[in-house]
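Following: one structure in C-alpha cells, then a few remarks.
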Amino acid sequence: MLRFLVGRLISIVLTVWAISFVAFAIIQLPPGDYLTAYMAELSAQGERVSPAELEALRRQYSLGDPFLVQYWKWISGILAHGDFGSSFEWKRPVTELIWGRLGNSILLEGLAVLVMWLVALPIGIYAAVRKYSLGDYLATVFGFLGLAVPNFLFALVLMYLTYVWFGTTLGGLFSPAFERAHWSLPRLWDFLTYAWAPIIVLATAGTAQLIRIMRANLLDELKKPYVTTARSKGLPEWKVIVKYPVRVALNPLVSTIGWLLPTLVSSSVIVSVVMNLPTAGPLLLRSLTSQDMYLAGTIIMLLGVLTVIGTLISDLILAWLDPRIRHGGAR
Amino acid sequence: MPQTPMADRPLLKIEDVEIAFSSPDEADIVAVRQVDLALSPGKTLCLVGESGCGKSVTARAVLHLNDQNAVIGRGRILFSPPGEETVDIAALKSDSLALRKIRGNQIAMIFQEPMSSLSPVHTVGDQIDEMITLHEGLKPREARERTVSLLDQVGVPGPHERANSYPFQLSGGLRQRAMIAMALACKPALLIADEPTTALDMTTQAQILDLLKELQEDYGMAMLFITHDLGVVAEIADEVAVMYLGDVVEQGDVFDVFRAPRHPYTQALMRSIPTIARKKERQRLSPIKGTVPSAKDRPEGCSFTSRCPYAFEPCAGTKPDRTPVGNHVARCHLLTEGARKAEVPA
C-alpha cells in the first residue's frame, strides 16, 4: 500500500509539471498577446497608443521574451515564493484574485455533487430493483428531462419563477452584507439561502446520468450468484440488496469522483454567468478572451491539479472499498 | 411408493409441484411439471438430469430462490423440522419472516460456483459470521470463534488467517469448503447442494464429496443433491430421482435404479456412461437420439416421447402414472399397458 502511494505521488509530481507546461503553452497559442487585445480595445474606443509606448509596455511585462524564458520566469516564481504572476487586466496578483473564487467554486460544486449522489443513488437503486415498474419509468423520464434541458435555461426558468412567485431575485452567492465577511454561522446561512438555486441547477444534469449508471451497474450485479447466496442465508431483502450488490455496484462510480469536480467547474461557466456567481468559471472565461495569460494559465493549471488530486482520492477510496484492487489479485 | 414406516415422517415432502416462469410477451413456460420427492434425516436424495430439466429450479423453489417471475403453480412443499409443526413452504411469501427463519437456519444451500457465489468484497469470515449473528444472535467475537472452528472442521488449513481472506485469495476447493462451512453454520436439518462439485477438478471433487458425507454423518442432516454426473450419484446418493424436461421419470433406491432402470430415459442415460474395458470388450457409446425439445413443445403425455425408441399410442397424449417396479417407481406406459407387448428390455 505504501509503495502504491509513493509511486502515485511521484507520478503526480510529474503529471502536475506536465500540466503546468501544457497550460502555459495553451494560453500562448492564440495569435497576439494581452497587449494586442488591449490595443484593439483601446482603438475601438477611439484612443491611440503610440508604437513606442507599446514597445515599452511589452518590455515591462517581458512579453517579447521567447516562450521557454517566459515559462521559466512563471514556474520559478510559483516554486520559489508561491507567486503565480500578476493579472494584466486587474492589475493585481493572480493569487489574490483566485483563492476566493476557486474556494467558492469548490464549495458550490462539492455541494452539487453531494446533492447529486444523495438524490441519484437511492433512485438508481430503486429503478434497478423494481425494473420496468412505474417508478422506474418516472425516474427515467425525469432523469432524461434533467439531462436534456440545458443548465442555463433551467437557471433562467428558476430565476423567473422565484421572481414571479416570491418577488426575490436569485443571483450571486452572498447578500452584500456578507460578501467580504469571514466564515461564520450567519454567513453560512446567508450562503445557503443564495446557493440552493445554483446547487439544484448544477445537480440536475448529473443526477440523471448518475441514475442511469447506478441502475445499469446494479442490474448487472443483481443477477450474480452471490446475491442468491445472501438471500439463501435468510437476510431481509433490503439488506441483501444494500449490503451486497449495491456495495459492488458503487465501485465504478467512486472512480469517477476524480474528474467530476473539474468537469463541473468548466461546465458551470454559463450558469455562473447567468446567475452572477463569483466562481472560477467566469473569471477563466474573461481571462481567456482578454488573453490575461498568467491568470488564465493559473486557473487552467489549478483545474488540472484538482483533477489529479481528485483521481488520487478516488483511487484511494476505491482501494479501500474493493479488496480486489487493494490486494491486486483480481481474477 | 414403498416408504419407510410412518413413525419417521419425512423432513421435506415435495408434493405434485409445478413451477412456471411467466414473461410479459410470451406464454408461461412450465419448467417443472410434476415433482414428488421426500427427504428423510441422514439420507441423501440425488436429483439427476441434463441441463434445463428443472432440477435446479426444483431445488431453488424449496427456499424461494428462483427469479421473481417463477411461480409455484400447484402443489405443496411440506417441511417438518424435528419437534416443530409442519410448514407448507410453497405458501410462504418470498421475503416473509417465516421463510427467512427457515433460510440458512433450517435449510441451507451451497451452490455451483464457489467464486461467484461468495461476495467478492467481503472476507470469507465476515460472510460466515453474518449467518451466525443473524440466526443465533451471537456477538461478533463469538460468531468469529464459531466461524474459525467451522472452517477448521471443513478442512481449511490455517482457519484463523483464512477467515480474513477474500474469496479471490483462495483456491476453488477452499472456497467451496468455506461455502460448506457457511451452510453448516447454524446446523441445518436439510442441506441443498446445487451441483457443488461441478466447477471443481476431479481430485477436489472427490475430497468435497467425502467431506459432505462425513459432515452428514456428524450432523445427521438430510441432503438434496443436484447433479448431472451419474458418477457422483453413485458416490453419494441413498435415493435418486431422474428428471427429464420437468418430469421425474424414475425414482427410488439408488442401487435399485442403477441396477434395473425401467424408464427408457434412465436406461439410455446408463448406456451413455463410458466404461473402462479391454479393447475387444469395448462397446460403442450409444447417445440418446435427437435433442431435448423446448418446454413449450413438450407433449401433453410423457415428455420423453419425441426421443423414445419405444414410444407408442398413449405416450404423447396421456401422462403415465407412477408405477412401482421392484423397489422403486417409474412413470412409463410400457410398464402398464406395454407389459402386455413385452418389449421393454429389462
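Chains: A, B, ... in order of the C-alpha cells. Residues: from 1 per chain. Ligands: from 1, in order shown.
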
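Near chain B, within 8 Å and using only C-alpha atoms, the residues of chain A are A:Lys224, A:Pro225, A:Tyr226, A:Val227, A:Thr228, A:Thr229, A:Arg231, A:Ser232, A:Lys233, A:Gly234, A:Leu235, A:Pro236, A:Glu237, A:Tyr244, A:Val248, A:Leu321, A:Asp322, A:Pro323, A:Arg324, A:Gly329, A:Ala330, A:Arg331.
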
Excluding same-chain residues fewer than 6 positions from Pro122 (chain A), what lies within 12 Å of it counting only C-alpha atoms, as a count of residues only?
19

If we count only C-alpha atoms, what is near Gly326 (chain B) at a cut-off of 10 Å, once residues fewer than 5 positions away on the same chain are taken out, given as a ChimeraX atom specification?
/B:2,252-253,256-257,260,262

Could you save those same residues with C-alpha atoms as an mmCIF file, in the first residue's frame?
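Output below, filename again34.cif:
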```cif
data_model
loop_
_atom_site.group_PDB
_atom_site.id
_atom_site.type_symbol
_atom_site.label_atom_id
_atom_site.label_comp_id
_atom_site.auth_asym_id
_atom_site.auth_seq_id
_atom_site.Cartn_x
_atom_site.Cartn_y
_atom_site.Cartn_z
ATOM 1 C CA PRO B 2 -42.648 -48.041 -0.768
ATOM 2 C CA GLY B 252 -36.207 -44.760 -5.732
ATOM 3 C CA ASP B 253 -33.344 -46.568 -4.067
ATOM 4 C CA ASP B 256 -32.208 -50.484 -7.466
ATOM 5 C CA VAL B 257 -32.493 -47.743 -10.055
ATOM 6 C CA ALA B 260 -32.501 -52.180 -13.083
ATOM 7 C CA ARG B 262 -37.042 -49.276 -16.144
#
```

Per-residue DSSP, region 78-127 of chain B, filtered to alpha helix (DSSP H), as a VMD selection string
chain B and resid 97 to 102 124 to 127

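The space between CA of Glu50 (chain B) and CA of Ala268 (chain B) spans 12.5 Å.
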
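Here CA of Tyr38 (chain A) is placed at a distance of 10.2 Å from CA of Leu54 (chain A).
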
For Ile89 (chain B): contacts at 7 Å, only C-alpha atoms, fewer than 4 positions along chain excluded, given as a VMD selection string
chain B and resid 62 77 to 79

Export of prior selection with all heavy atoms as a short mmCIF file (atom, residue, chain, number, x, y, z; two decimals), in the first residue's frame:
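Wrote selection-v8.cif, looks like this:
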```
data_model
loop_
_atom_site.label_atom_id
_atom_site.label_comp_id
_atom_site.auth_asym_id
_atom_site.auth_seq_id
_atom_site.Cartn_x
_atom_site.Cartn_y
_atom_site.Cartn_z
N VAL B 62 -37.49 -24.66 -3.15
CA VAL B 62 -37.65 -25.01 -1.74
C VAL B 62 -37.38 -23.80 -0.85
O VAL B 62 -37.99 -23.63 0.20
CB VAL B 62 -36.70 -26.18 -1.38
CG1 VAL B 62 -36.73 -26.46 0.11
CG2 VAL B 62 -37.09 -27.42 -2.15
N ILE B 77 -44.94 -27.88 -0.61
CA ILE B 77 -43.59 -28.22 -0.17
C ILE B 77 -43.66 -28.28 1.35
O ILE B 77 -43.64 -27.24 2.02
CB ILE B 77 -42.55 -27.19 -0.64
CG1 ILE B 77 -42.55 -27.09 -2.17
CG2 ILE B 77 -41.17 -27.56 -0.14
CD1 ILE B 77 -41.65 -26.00 -2.72
N LEU B 78 -43.81 -29.45 1.90
CA LEU B 78 -44.04 -29.58 3.34
C LEU B 78 -42.73 -29.81 4.07
O LEU B 78 -42.01 -30.77 3.80
CB LEU B 78 -45.00 -30.75 3.60
CG LEU B 78 -46.38 -30.57 2.97
CD1 LEU B 78 -47.20 -31.84 3.12
CD2 LEU B 78 -47.10 -29.38 3.58
N PHE B 79 -42.44 -28.91 4.98
CA PHE B 79 -41.19 -29.00 5.74
C PHE B 79 -41.54 -29.28 7.19
O PHE B 79 -42.30 -28.53 7.81
CB PHE B 79 -40.43 -27.69 5.60
CG PHE B 79 -39.13 -27.67 6.35
CD1 PHE B 79 -38.17 -28.67 6.15
CD2 PHE B 79 -38.84 -26.66 7.26
CE1 PHE B 79 -36.96 -28.65 6.84
CE2 PHE B 79 -37.64 -26.64 7.95
CZ PHE B 79 -36.70 -27.63 7.74
#
```

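Nearest to Asp152 (chain B) of all the residues B:Ala181, B:Leu334, B:Arg175, B:Met223 is B:Ala181, counting only C-alpha atoms.
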
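Those residues of region 44-165 of chain B that DSSP, working from the backbone, places in strand (DSSP E) are Thr44, Leu45, Cys46, Leu47, Val48, Ala70, Val71, Ile72, Gly73, Arg74, Gly75, Arg76, Ile77, Leu78, Phe79, Val87, Asp88, Ile107, Ala108, Met109 and Ile110 of chain B.
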
Given the choices A:Ile199, A:Lys91, A:Phe142, A:Trp165, which gets closest to Leu111 (chain A) if the distance is worked out from only C-alpha atoms?
A:Ile199

Of A:Gln70, A:Asn151, A:Thr15, A:Ser50, the one sitting nearest Val271 (chain A) when using only C-alpha atoms is A:Asn151

Tell me, as a ChimeraX atom specification, which residues lie within 9 Å of Val156 (chain B), counting only C-alpha atoms; anything in the same chain fewer than 5 positions away does not count.
/B:150-151,162,174,177-178

Same residues, N, CA and C atoms, saved as a PDB file, in the first residue's frame:
```pdb
ATOM      1  N   LEU B 150     -15.567 -23.815  12.504  1.00  0.00           N
ATOM      2  CA  LEU B 150     -16.241 -24.406  11.340  1.00  0.00           C
ATOM      3  C   LEU B 150     -15.273 -24.584  10.182  1.00  0.00           C
ATOM      4  N   LEU B 151     -14.479 -23.536   9.919  1.00  0.00           N
ATOM      5  CA  LEU B 151     -13.512 -23.612   8.819  1.00  0.00           C
ATOM      6  C   LEU B 151     -12.528 -24.743   9.077  1.00  0.00           C
ATOM      7  N   ARG B 162      -7.346 -17.625   7.210  1.00  0.00           N
ATOM      8  CA  ARG B 162      -8.250 -17.782   6.071  1.00  0.00           C
ATOM      9  C   ARG B 162      -9.553 -17.030   6.288  1.00  0.00           C
ATOM     10  N   LEU B 174     -10.907 -24.642  -1.661  1.00  0.00           N
ATOM     11  CA  LEU B 174     -11.027 -23.963  -0.357  1.00  0.00           C
ATOM     12  C   LEU B 174     -12.278 -23.107  -0.313  1.00  0.00           C
ATOM     13  N   ARG B 177     -15.140 -25.228   0.320  1.00  0.00           N
ATOM     14  CA  ARG B 177     -15.150 -25.628   1.731  1.00  0.00           C
ATOM     15  C   ARG B 177     -15.687 -24.496   2.604  1.00  0.00           C
ATOM     16  N   ALA B 178     -15.276 -23.272   2.290  1.00  0.00           N
ATOM     17  CA  ALA B 178     -15.779 -22.124   3.049  1.00  0.00           C
ATOM     18  C   ALA B 178     -17.291 -22.005   2.888  1.00  0.00           C
TER      19      ALA B 178
END
```

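Taking CA of Ser286 (chain B) and CA of Gln251 (chain B) as endpoints, the distance between them is 22.6 Å.
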
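Residue nearest Leu316 (chain A), chosen from A:Leu2, A:Leu260, A:Phe166, A:Ser175 and counting only C-alpha atoms: A:Leu2.
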
Name all residues at most 12 Å from His333 (chain B) (count only C-alpha atoms; drop same-chain ones fewer than 6 positions away) and give them as a PyMOL selection string.
chain B and resi 249+262-264+301-305+308+310-323+339-344

Go ahead and write the residues just picked, C-alpha atoms, as a CSV table (one decimal), in the first residue's frame.
```
chain,number,residue,atom,x,y,z
B,249,VAL,CA,-39.4,-40.1,-14.7
B,262,ARG,CA,-37.0,-49.3,-16.1
B,263,HIS,CA,-37.7,-46.0,-17.8
B,264,PRO,CA,-36.3,-45.7,-21.3
B,301,GLY,CA,-48.2,-37.0,-22.1
B,302,CYS,CA,-44.7,-38.4,-21.3
B,303,SER,CA,-42.1,-35.7,-22.0
B,304,PHE,CA,-39.6,-38.2,-23.4
B,305,THR,CA,-42.0,-39.3,-26.2
B,308,CYS,CA,-38.1,-42.6,-27.0
B,310,TYR,CA,-40.3,-47.4,-27.7
B,311,ALA,CA,-42.9,-44.7,-27.9
B,312,PHE,CA,-46.5,-45.9,-28.8
B,313,GLU,CA,-50.0,-44.5,-28.9
B,314,PRO,CA,-50.7,-43.4,-25.4
B,315,CYS,CA,-47.3,-41.8,-24.8
B,316,ALA,CA,-47.8,-38.4,-26.4
B,317,GLY,CA,-51.4,-37.9,-25.1
B,318,THR,CA,-51.6,-39.4,-21.7
B,319,LYS,CA,-49.4,-38.8,-18.7
B,320,PRO,CA,-48.1,-42.1,-17.4
B,321,ASP,CA,-48.8,-42.9,-13.7
B,322,ARG,CA,-46.2,-43.7,-11.1
B,323,THR,CA,-45.8,-47.5,-11.4
B,339,ALA,CA,-46.2,-55.0,-20.2
B,340,ARG,CA,-48.5,-57.0,-22.5
B,341,LYS,CA,-46.4,-56.2,-25.5
B,342,ALA,CA,-43.4,-57.4,-23.6
B,343,GLU,CA,-40.9,-55.3,-25.4
B,344,VAL,CA,-39.3,-53.4,-22.5
```
